[in-house]
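Peer 1: First the structure, which I've put down as structure tokens, then a few questions once you've had a look.
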Amino acid sequence: MIAGERSPAAPVPCAAPEERRGMPKNDKRIKVTLACEECKRRNYITMKSKINDRERIEMKKYCRWDKRHTLHKETR
């Protein structure tokens with residue numbers, strides 16, 4: 001065998017199945033869809049905190065169909 005090569009029978013290190021899952025799903029943050037008030041299209045998807053933002057969110061975002069910044073509101 002040449003120096004630096006692995007033997008074919010050498011075990012390959014890998015993470016245990018419990019470690020591969022990653023972090024648990026956090027239910028405190030949810031996905032919400034933002035719709036343009038001018039053209040009514042759903043342009044953006046974002047995350048919001050259920051605890052801190054209980055009411056529907058509104059923000060000015062760029063609408064590519066109106067080609068300007070318009071008010072976008074959370075839809076259900």
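How things are named: the first chain in the structure tokens is A, the next is B, and so on; residues count from 1 in each chain; ligands count from 1 in the order shown.
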Report as a list of chain:residue names all protein, DNA and RNA residues lying within 12 Å of A:Val32, evaluated on only C-alpha atoms, omitting residues in the same chain fewer than 3 positions from it.
Peer 2: A:Arg29, A:Ala35, A:Arg42, A:Asn43, A:Tyr44, A:Ile45, A:Thr46, A:Met47, A:Lys48, A:Ser49, A:Lys50, A:Asp53, A:Glu55, A:Arg56, A:Ile57, A:Glu58, A:His72, A:Lys73, A:Glu74, A:Thr75, A:Arg76
Peer 1: Filtering to C-alpha atoms, could you give me those residues as a compact mmCIF listing (two decimals), in the first residue's frame?
Peer 2:
# COMPACT_ATOMS: atom_id res chain seq x y z
CA ARG A 29 -41.44 31.09 14.57
CA ALA A 35 -49.18 40.07 -0.43
CA ARG A 42 -48.16 37.10 -3.03
CA ASN A 43 -44.57 38.21 -3.54
CA TYR A 44 -42.70 37.30 -0.36
CA ILE A 45 -42.45 34.55 2.25
CA THR A 46 -40.85 35.43 5.58
CA MET A 47 -40.62 34.20 9.16
CA LYS A 48 -42.25 35.85 12.16
CA SER A 49 -42.36 35.18 15.86
CA LYS A 50 -45.74 34.05 17.19
CA ASP A 53 -45.81 39.65 16.72
CA GLU A 55 -51.10 40.69 14.96
CA ARG A 56 -50.57 40.56 11.20
CA ILE A 57 -47.42 42.25 9.95
CA GLU A 58 -47.24 45.02 7.33
CA HIS A 72 -47.29 44.30 1.72
CA LYS A 73 -49.55 42.68 4.31
CA GLU A 74 -49.52 39.22 5.85
CA THR A 75 -52.03 36.78 4.34
CA ARG A 76 -53.29 33.53 5.81
Peer 1: Rounded to one decimal in Å, what is the spacing between atom CA of A:Leu34 and atom CA of A:Lys67?
Peer 2: 16.4 Å
